[in-house]
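K.L.:
This structure is in structure tokens; I'll ask about it shortly.
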Amino acid sequence: MGLTINSFASLSLEPPLVLWSLVNHSPNLSVFRDCGYFTISILGCDHQELALRFANPRVENKFQDISVQETPEGIPSIGGAIATLVCANRQ
């Protein structure tokens, strides 16, 4: 499961905190609300098609045929991303 977000902000460097928003009626809400960890893959301008793919709700398997790496925490991240943030879910 994955999605494209455009409401991302850095809140703090110490402790490192980020903020992003998800609409309350999103089918992804319960997954992110209940998970322990998730990743944020920061994509470059050459990844525009990939970002659009993850933004499209009609694409069922968004990770099909793309390079995926597993973080030490066991969370998938997009291979070739400019950066990957492994985030602990602290509500």
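Labeling convention for the structure tokens: chains A, B, ... as they appear, residues from 1 per chain, ligands from 1 in order of appearance.
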Write out as number ranges by chain each polymer residue whose atoms come within 9 Å of A:Ile78, counting only C-alpha atoms; drop sequence neighbours fewer than 4 positions from it.
P.N.:
A: 39-43, 63, 66-70, 84
K.L.:
Keeping only C-alpha atoms, write the selected residues to a file as a JSON list (two decimals), in the first residue's frame.
P.N.:
[["chain", "number", "residue", "atom", "x", "y", "z"],
["A", 39, "THR", "CA", 8.37, 5.11, 5.21],
["A", 40, "ILE", "CA", 8.30, 8.32, 3.26],
["A", 41, "SER", "CA", 10.19, 8.05, -0.03],
["A", 42, "ILE", "CA", 11.21, 11.43, -1.37],
["A", 43, "LEU", "CA", 11.17, 11.26, -5.15],
["A", 63, "PHE", "CA", 4.37, -1.46, -6.03],
["A", 66, "ILE", "CA", 9.06, -1.17, -9.22],
["A", 67, "SER", "CA", 12.24, -1.50, -7.22],
["A", 68, "VAL", "CA", 11.46, -1.93, -3.53],
["A", 69, "GLN", "CA", 14.01, -2.04, -0.73],
["A", 70, "GLU", "CA", 13.33, -3.18, 2.80],
["A", 84, "THR", "CA", 13.83, 7.57, 2.57]]
K.L.:
Based on DSSP run over this structure's backbone, return all residues of stretch 19-91 of chain A in alpha helix (DSSP H), as a list in words.
P.N.:
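Assigned to alpha helix (DSSP H), within stretch 19-91 of chain A: Leu29, Ser30, Val31, Phe32, Arg33, Asp34, Gln48, Glu49, Leu50, Ala51, Leu52, Arg53, Phe54 and Ala55 of chain A.
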K.L.:
Can you tell me which residues surround A:Gly2 at a distance of at most 8 Å, considering only C-alpha atoms, apart from same-chain residues fewer than 2 positions away, and format the answer as a PyMOL selection string?
P.N.:
chain A and resi 4+54+62-63
K.L.:
Leaving out A:Arg90 and any residue of its chain fewer than 5 positions from it, which residues lie within 12 Å of it when counting only C-alpha atoms, given as number ranges by chain?
P.N.:
A: 16-19, 32-38
K.L.:
Which residues, written as a list in words, have at least one atom at most 12 Å from A:Val23, with only C-alpha atoms counted and residues fewer than 4 positions away on the same chain left out?
P.N.:
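Counting only the stated atoms, we get Ile5, Ser7, Pro27, Asn28, Leu29, Ser30, Phe32 and Arg33 of chain A.
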K.L.:
Per DSSP on the backbone, what are the strand (DSSP E) residues of chain A, as a PyMOL selection string?
P.N.:
chain A and resi 9-13+16-19+37-42+68-70+76-78+83-88
K.L.:
Tell me which of A:Ala81, A:Val86, A:Val31, A:Leu22 sits closest to A:Ala51, counting only C-alpha atoms.
P.N.:
A:Ala81
